[in-house]
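File shown here: protein07.cif, holding mmCIF, C-alpha atoms.
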```
data_target
loop_
_atom_site.label_atom_id
_atom_site.label_comp_id
_atom_site.auth_asym_id
_atom_site.auth_seq_id
_atom_site.Cartn_x
_atom_site.Cartn_y
_atom_site.Cartn_z
CA MET A 1000 -7.44 34.17 -20.94
CA GLY A 1001 -9.21 31.11 -22.40
CA ILE A 1002 -9.15 27.64 -20.86
CA PRO A 1003 -6.74 26.20 -23.50
CA LYS A 1004 -4.24 29.01 -22.79
CA LEU A 1005 -4.61 28.51 -19.04
CA LEU A 1006 -3.93 24.80 -19.46
CA GLY A 1007 -0.88 25.65 -21.55
CA VAL A 1008 0.46 28.01 -18.89
CA PHE A 1009 -0.21 25.37 -16.19
CA LEU A 1010 1.71 22.75 -18.19
CA VAL A 1011 4.68 25.08 -18.67
CA MET A 1012 4.70 25.87 -14.94
CA GLU A 1013 4.62 22.18 -14.13
CA MET A 1014 7.52 21.49 -16.48
CA MET A 1015 9.54 24.36 -15.02
CA SER A 1016 8.85 23.75 -11.35
CA GLY A 1017 8.13 20.04 -11.37
CA PHE A 1018 6.16 20.66 -8.14
CA ARG A 1019 9.20 19.73 -6.07
CA PHE A 1020 8.65 18.43 -2.56
CA GLY A 1021 10.87 20.16 -0.02
CA ALA A 1022 14.30 18.62 0.37
CA HIS A 1023 13.23 15.63 -1.69
CA GLY A 1024 14.10 15.57 -5.37
CA LEU A 1025 10.64 14.17 -5.95
CA SER A 1026 8.07 16.09 -7.96
CA MET A 1027 4.61 15.62 -9.41
CA GLY A 1028 5.83 16.34 -12.94
CA TYR A 1029 9.06 14.36 -12.70
CA TYR A 1030 8.47 12.46 -15.97
CA VAL A 1031 6.66 15.19 -17.89
CA MET A 1032 9.64 15.71 -20.21
CA SER A 1033 11.55 12.42 -20.00
CA CYS A 1034 8.57 10.03 -20.27
CA PRO A 1035 5.27 11.90 -20.60
CA MET A 1036 3.26 8.68 -21.08
CA ALA A 1037 4.61 7.08 -17.88
CA GLU A 1038 1.57 7.60 -15.66
CA LEU A 1039 -0.89 6.60 -18.38
CA ILE A 1040 1.04 3.38 -19.09
CA VAL A 1041 1.05 2.38 -15.41
CA ARG A 1042 -2.61 3.31 -14.99
CA ASN A 1043 -3.66 1.27 -18.02
CA SER A 1044 -1.69 -1.73 -16.77
CA VAL A 1045 -3.51 -1.52 -13.44
CA ILE A 1046 -6.91 -1.09 -15.08
CA ARG A 1047 -6.38 -4.12 -17.33
CA ALA A 1048 -5.27 -6.22 -14.36
CA LEU A 1049 -8.20 -5.20 -12.15
CA GLN A 1050 -10.71 -5.81 -14.91
CA ALA A 1051 -9.43 -9.37 -15.11
CA ASP A 1052 -9.08 -9.79 -11.33
CA PRO A 1053 -10.49 -7.11 -8.99
CA THR A 1054 -8.83 -8.73 -5.96
CA LEU A 1055 -5.45 -7.46 -7.18
CA ALA A 1056 -6.28 -3.95 -5.91
CA ALA A 1057 -5.62 -5.05 -2.34
CA GLY A 1058 -2.41 -6.76 -3.44
CA LEU A 1059 -0.98 -3.67 -5.11
CA ILE A 1060 -1.69 -1.42 -2.12
CA ARG A 1061 -0.21 -3.96 0.29
CA MET A 1062 2.87 -4.35 -1.92
CA HIS A 1063 3.52 -0.59 -1.72
CA PHE A 1064 3.18 -0.64 2.07
CA HIS A 1065 5.48 -3.64 2.48
CA ASP A 1066 8.00 -2.00 0.17
CA CYS A 1067 8.08 1.35 1.94
CA PHE A 1068 8.29 -0.05 5.48
CA ILE A 1069 11.51 -1.90 4.62
CA GLU A 1070 14.46 0.18 3.39
CA GLY A 1071 12.06 2.89 2.20
CA CYS A 1072 10.07 3.05 -1.07
CA ASP A 1073 12.77 1.59 -3.31
CA ALA A 1074 11.18 -1.50 -4.93
CA SER A 1075 13.23 -3.84 -2.74
CA ILE A 1076 10.09 -5.97 -2.46
CA LEU A 1077 10.34 -6.81 -6.18
CA LEU A 1078 13.85 -8.27 -6.17
CA ASP A 1079 14.06 -12.05 -6.58
CA SER A 1080 16.18 -14.19 -4.31
CA THR A 1081 19.54 -15.39 -5.62
CA LYS A 1082 21.74 -18.33 -4.68
CA ASP A 1083 23.60 -16.00 -2.30
CA ASN A 1084 20.66 -14.04 -0.86
CA THR A 1085 17.08 -14.68 0.27
CA ALA A 1086 15.08 -11.59 -0.63
CA GLU A 1087 12.21 -9.83 1.16
CA LYS A 1088 9.55 -11.35 -1.10
CA ASP A 1089 10.38 -14.85 0.19
CA SER A 1090 9.78 -13.91 3.82
CA PRO A 1091 6.74 -15.61 5.43
CA ALA A 1092 5.32 -12.09 5.92
CA ASN A 1093 5.36 -11.53 2.14
CA LEU A 1094 4.47 -14.91 0.66
CA SER A 1095 0.84 -13.87 0.19
CA LEU A 1096 1.74 -10.66 -1.70
CA ARG A 1097 0.22 -10.47 -5.18
CA GLY A 1098 0.48 -8.21 -8.22
CA TYR A 1099 4.10 -8.65 -9.27
CA GLU A 1100 2.99 -9.43 -12.82
CA VAL A 1101 1.16 -6.07 -13.00
CA ILE A 1102 4.39 -4.23 -12.20
CA ASP A 1103 6.32 -6.39 -14.70
CA ALA A 1104 3.81 -5.60 -17.46
CA ALA A 1105 4.00 -1.86 -16.82
CA LYS A 1106 7.79 -1.95 -16.70
CA GLU A 1107 8.06 -3.87 -19.97
CA GLU A 1108 5.88 -1.31 -21.73
CA LEU A 1109 7.75 1.61 -20.17
CA GLU A 1110 11.12 0.23 -21.26
CA LYS A 1111 9.83 0.21 -24.84
CA GLU A 1112 8.49 3.75 -24.56
CA CYS A 1113 11.40 5.36 -22.66
CA PRO A 1114 14.20 2.94 -21.75
CA GLY A 1115 15.98 3.38 -18.44
CA VAL A 1116 13.85 6.29 -17.25
CA VAL A 1117 10.99 5.16 -14.97
CA SER A 1118 12.00 3.40 -11.76
CA CYS A 1119 10.33 0.29 -10.44
CA ALA A 1120 9.83 2.10 -7.12
CA ASP A 1121 7.76 4.76 -8.88
CA ILE A 1122 5.75 2.08 -10.71
CA VAL A 1123 4.84 0.39 -7.41
CA ALA A 1124 3.89 3.72 -5.84
CA MET A 1125 1.80 4.84 -8.84
CA ALA A 1126 0.11 1.44 -9.15
CA SER A 1127 -1.11 1.65 -5.56
CA THR A 1128 -2.79 5.03 -6.15
CA TYR A 1129 -4.57 3.76 -9.26
CA ALA A 1130 -5.62 0.59 -7.42
CA VAL A 1131 -7.23 2.71 -4.68
CA PHE A 1132 -9.14 4.81 -7.20
CA GLU A 1133 -10.25 1.91 -9.41
CA ALA A 1134 -11.62 0.14 -6.33
CA GLY A 1135 -13.81 3.15 -5.52
CA GLY A 1136 -11.48 5.08 -3.24
CA PRO A 1137 -10.17 8.65 -3.41
CA VAL A 1138 -8.21 9.99 -6.35
CA TYR A 1139 -4.86 11.50 -5.42
CA ASP A 1140 -1.44 12.05 -6.92
CA ILE A 1141 2.00 11.32 -5.52
CA PRO A 1142 5.36 12.87 -6.32
CA LYS A 1143 7.69 10.82 -8.53
CA GLY A 1144 11.45 10.49 -8.82
CA ARG A 1145 12.28 7.55 -6.52
CA LYS A 1146 15.25 5.41 -7.44
CA ASP A 1147 15.47 1.63 -7.03
CA GLY A 1148 17.51 0.12 -4.21
CA SER A 1149 19.93 -2.80 -4.36
CA ARG A 1150 19.35 -4.36 -0.92
CA SER A 1151 16.58 -6.90 -0.28
CA LYS A 1152 17.12 -9.27 2.65
CA ILE A 1153 14.63 -11.54 4.37
CA GLN A 1154 15.86 -10.54 7.82
CA ASP A 1155 14.76 -6.93 7.24
CA THR A 1156 11.10 -7.99 7.15
CA ILE A 1157 11.15 -8.25 10.94
CA ASN A 1158 10.29 -4.55 10.74
CA LEU A 1159 6.85 -5.27 9.26
CA PRO A 1160 4.00 -5.04 11.81
CA PRO A 1161 2.71 -8.54 12.66
CA PRO A 1162 -1.09 -9.08 12.90
CA THR A 1163 -0.89 -9.61 16.67
CA LEU A 1164 0.17 -6.08 17.70
CA ASN A 1165 -2.03 -3.99 19.98
CA ALA A 1166 -2.78 -0.31 19.42
CA SER A 1167 0.06 0.94 21.61
CA GLN A 1168 2.57 -1.23 19.77
CA LEU A 1169 1.20 -0.10 16.40
CA ILE A 1170 1.41 3.55 17.43
CA LYS A 1171 5.02 3.03 18.45
CA MET A 1172 6.00 1.14 15.28
CA PHE A 1173 4.35 3.62 12.93
CA GLY A 1174 5.69 6.47 15.03
CA GLN A 1175 9.22 5.27 14.28
CA HIS A 1176 8.45 6.04 10.63
CA GLY A 1177 7.06 9.48 11.47
CA PHE A 1178 3.34 8.66 11.47
CA THR A 1179 0.81 9.88 14.03
CA ALA A 1180 -1.78 7.59 15.62
CA GLN A 1181 -4.42 9.10 13.34
CA GLU A 1182 -2.35 8.38 10.24
CA MET A 1183 -1.76 4.82 11.43
CA VAL A 1184 -5.50 4.22 11.78
CA ALA A 1185 -6.15 5.80 8.38
CA LEU A 1186 -3.55 3.56 6.72
CA SER A 1187 -5.04 0.53 8.49
CA GLY A 1188 -8.21 1.37 6.58
CA ALA A 1189 -6.54 -0.16 3.52
CA HIS A 1190 -7.91 -3.40 5.01
CA THR A 1191 -11.23 -2.32 3.54
CA LEU A 1192 -9.87 -4.32 0.58
CA GLY A 1193 -8.73 -7.90 0.44
CA VAL A 1194 -8.51 -10.97 2.63
CA ALA A 1195 -6.36 -12.53 5.33
CA ARG A 1196 -5.39 -16.16 5.70
CA CYS A 1197 -6.46 -18.14 8.73
CA SER A 1198 -2.84 -18.45 9.82
CA SER A 1199 -2.95 -14.68 10.54
CA PHE A 1200 -5.89 -14.76 12.96
CA LYS A 1201 -6.44 -18.35 14.15
CA ASN A 1202 -4.67 -17.44 17.42
CA ARG A 1203 -7.81 -15.47 18.29
CA LEU A 1204 -9.93 -18.63 18.13
CA VAL A 1205 -7.99 -21.14 20.20
CA ASP A 1206 -8.27 -21.79 23.96
CA ALA A 1207 -9.99 -18.70 25.34
CA VAL A 1208 -11.55 -16.89 22.37
CA ASP A 1209 -10.46 -13.25 22.06
CA PRO A 1210 -12.94 -11.28 24.25
CA ASN A 1211 -12.90 -8.46 21.70
CA LEU A 1212 -14.23 -10.82 19.00
CA ASP A 1213 -17.98 -11.11 18.42
CA SER A 1214 -19.05 -14.63 19.41
CA GLY A 1215 -21.06 -15.25 16.27
CA PHE A 1216 -18.20 -14.05 14.09
CA ALA A 1217 -15.82 -16.27 16.06
CA LYS A 1218 -17.94 -19.31 15.25
CA GLN A 1219 -17.98 -18.33 11.57
CA LEU A 1220 -14.20 -17.96 11.52
CA THR A 1221 -13.69 -21.28 13.30
CA LYS A 1222 -15.78 -22.99 10.63
CA THR A 1223 -13.89 -21.20 7.85
CA CYS A 1224 -10.50 -22.13 9.26
CA SER A 1225 -11.39 -25.79 9.65
CA ALA A 1226 -10.40 -26.02 5.98
CA GLY A 1227 -6.76 -25.13 6.80
CA ASP A 1228 -4.36 -22.29 7.51
CA ASN A 1229 -4.37 -20.99 3.93
CA THR A 1230 -8.15 -20.50 3.85
CA GLU A 1231 -9.03 -16.87 3.20
CA GLN A 1232 -11.51 -14.59 4.93
CA PRO A 1233 -12.39 -11.05 3.70
CA PHE A 1234 -11.63 -8.15 6.04
CA ASP A 1235 -15.14 -6.78 5.57
CA GLY A 1236 -18.30 -7.35 3.56
CA THR A 1237 -17.06 -5.49 0.45
CA ARG A 1238 -13.65 -7.06 -0.17
CA ASN A 1239 -13.13 -5.44 -3.59
CA HIS A 1240 -14.66 -2.03 -2.86
CA PHE A 1241 -12.79 0.78 -1.14
CA ASP A 1242 -15.10 2.24 1.52
CA ASN A 1243 -15.34 2.76 5.28
CA LEU A 1244 -17.09 -0.54 6.04
CA TYR A 1245 -13.89 -1.79 7.66
CA PHE A 1246 -14.36 0.72 10.49
CA ASN A 1247 -18.01 -0.22 10.89
CA ALA A 1248 -16.88 -3.83 11.30
CA LEU A 1249 -14.53 -2.80 14.11
CA GLN A 1250 -17.44 -1.11 15.91
CA HIS A 1251 -19.28 -4.46 15.83
CA ASN A 1252 -16.26 -6.43 17.06
CA THR A 1253 -15.91 -8.18 13.73
CA GLY A 1254 -12.42 -6.96 12.94
CA LEU A 1255 -10.52 -9.85 11.42
CA LEU A 1256 -7.00 -9.46 12.78
CA ALA A 1257 -6.12 -8.70 16.38
CA SER A 1258 -4.27 -5.64 15.01
CA ASP A 1259 -7.52 -4.50 13.40
CA GLN A 1260 -9.87 -4.91 16.37
CA THR A 1261 -7.41 -3.31 18.78
CA LEU A 1262 -7.98 0.02 17.02
CA PHE A 1263 -11.53 0.05 18.44
CA SER A 1264 -10.91 -1.69 21.76
CA SER A 1265 -8.13 0.76 22.65
CA ALA A 1266 -9.21 4.10 24.11
CA ARG A 1267 -6.25 5.75 22.33
CA THR A 1268 -7.68 5.10 18.85
CA ARG A 1269 -11.41 4.34 19.35
CA ASN A 1270 -12.58 7.88 18.58
CA ILE A 1271 -10.62 7.88 15.33
CA VAL A 1272 -12.33 4.64 14.29
CA ASN A 1273 -15.73 6.09 15.21
CA GLY A 1274 -15.00 9.20 13.17
CA TYR A 1275 -14.10 7.22 10.05
CA ALA A 1276 -17.06 4.87 10.48
CA PHE A 1277 -19.37 7.89 10.59
CA ASN A 1278 -17.69 10.01 7.92
CA GLN A 1279 -16.28 8.22 4.88
CA ALA A 1280 -15.15 11.49 3.28
CA MET A 1281 -12.95 12.22 6.30
CA PHE A 1282 -11.43 8.73 6.05
CA PHE A 1283 -10.76 9.18 2.34
CA PHE A 1284 -9.06 12.55 2.91
CA ASP A 1285 -6.88 11.32 5.78
CA PHE A 1286 -6.04 8.11 3.93
CA GLN A 1287 -4.79 9.88 0.82
CA GLN A 1288 -2.72 12.31 2.91
CA ALA A 1289 -1.13 9.42 4.81
CA MET A 1290 -0.47 7.47 1.60
CA VAL A 1291 1.35 10.43 0.05
CA LYS A 1292 3.45 10.67 3.20
CA MET A 1293 4.18 6.94 3.15
CA SER A 1294 5.19 7.09 -0.51
CA MET A 1295 8.04 9.42 0.49
CA LEU A 1296 9.53 7.23 3.22
CA ASP A 1297 13.31 7.04 2.99
CA VAL A 1298 13.32 7.43 -0.77
CA LYS A 1299 16.58 7.05 -2.68
CA GLU A 1300 17.45 9.82 -5.08
CA GLY A 1301 20.17 10.54 -7.60
CA PHE A 1302 23.19 8.29 -7.28
CA LYS A 1303 21.84 6.62 -4.13
CA GLY A 1304 19.83 4.28 -6.34
CA GLU A 1305 19.32 3.18 -9.91
CA VAL A 1306 16.58 2.65 -12.48
CA ARG A 1307 16.39 -1.11 -12.93
CA GLN A 1308 15.89 -2.47 -16.41
CA ASN A 1309 14.18 -5.52 -14.90
CA CYS A 1310 12.32 -4.96 -11.63
CA ARG A 1311 13.23 -8.41 -10.37
CA LYS A 1312 17.02 -7.93 -10.40
CA ILE A 1313 19.57 -5.17 -10.00
CA ASN A 1314 21.32 -3.90 -13.13
#
```

Can you turn what I pasted into structure tokens?
Amino acid sequence: MGIPKLLGVFLVMEMMSGFRFGAHGLSMGYYVMSCPMAELIVRNSVIRALQADPTLAAGLIRMHFHDCFIEGCDASILLDSTKDNTAEKDSPANLSLRGYEVIDAAKEELEKECPGVVSCADIVAMASTYAVFEAGGPVYDIPKGRKDGSRSKIQDTINLPPPTLNASQLIKMFGQHGFTAQEMVALSGAHTLGVARCSSFKNRLVDAVDPNLDSGFAKQLTKTCSAGDNTEQPFDGTRNHFDNLYFNALQHNTGLLASDQTLFSSARTRNIVNGYAFNQAMFFFDFQQAMVKMSMLDVKEGFKGEVRQNCRKIN
């Protein structure tokens, strides 16, 4: 059988089976019949955005994480506040999130192509995978079929991990969502991209400087933060490139957040950090596996959610 025929058979199988994921109604080929251009439209929106501003890769990945950890992967992070409700996006923990306009652009194009079909939750999830790849990280696919939620409340963001947690606290918090310590460390590797504001780590510089912080790096950070709490510092030396340099930084006690450096200072997670610092391919593999798992957290299916026409408000 020739390659074209094989591809044809594969496509038919995908359309029939949809590559369904266990009890979830999610599948790799969820939109293959209802909106076959869906993935391409989202990918092109991400590519255009990153060509104009490569720093948005970190924002799109972080948006997906902050969405899934609150109420599951249901695009609750995208909902705007109303006069009667302060939404998640206006929480102090989310004020530095970026990339909303990328999701809006993809949604606008998708509504023209196939109205009322592709959920905002799926757009956020897909955008994060393309952001990882375009920044030099692994290529991987995620199942689709999430529905959009209707709840978005600022008080729910208390469930996001603050930058001051130690390894034991992180293991416990991620464990409540079904993640192992190894998966938690792999997901933390997303900090290979992006920056943090001084307000997130200045506590490590005051009074007695954090003993797990390299003294030279501490002086550099003190100088950086003299410009104010909103001053930004990259997590590692390649802020727009997805690699394992983040883990190398932890080995040298130059992790930016307390919740970063604790992964190396704690005996429970140090060997995982060393493994990823030594073997980037292993980090990439574990990261993509953990991201697929995260993308399926508490998803809403069928009548438990909706497909928003505008990602910023419920229908």

Quiz item: For A:Gly1254, which residue out of A:Glu1108, A:Asp1209, A:Glu1231, A:Asp1066 is the nearest one, using only C-alpha atoms?
Solution: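 Residue with the minimum atom-to-atom distance to A:Gly1254: A:Asp1209.
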
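The space separating atom CA of A:Gln1279 from atom CA of A:Thr1191 comes to 11.8 Å.
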
Self-check item: Output of the PyMOL selection byres ((chain A and resi 1161) around 10), listed as a list in words
Solution: Ala1092, Ile1157, Asn1158, Leu1159, Pro1160, Pro1162, Thr1163, Leu1164, Asn1165, Leu1169, Ser1199, Leu1256, Ala1257 and Ser1258 of chain A

Quiz item: Do you know which residues the PyMOL selection byres ((chain A and resi 1194) around 9) returns on this file, as a list in words?
Solution: Thr1054, Ala1057, His1190, Leu1192, Gly1193, Ala1195, Arg1196, Glu1231, Gln1232, Pro1233, Phe1234, Asp1235 and Arg1238 of chain A

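Candidate residues A:Asp1228, A:Val1298, A:Ala1134, A:Lys1082 were compared for distance to A:Gln1050, and the nearest is A:Ala1134, using only C-alpha atoms.
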
Quiz item: At what distance in Å, to one decimal, does atom CA of A:Ala1056 lie from atom CA of A:Asn1239?
Solution: 7.4 Å

Quiz item: So which residues get picked by the PyMOL selection byres ((chain A and resi 1153) around 9) here, written as a PyMOL selection string?
Solution: chain A and resi 1084-1091+1151-1152+1154-1157

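With all atoms listed in the file as the atoms that count, the minimum distance from A:Ala1037 to the choices A:Gly1024, A:Gly1188, A:Gly1098, A:Gly1144 is reached by A:Gly1144.
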
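Atom CA of A:Ile1060 sits 14.4 Å away from atom CA of A:Asp1242.
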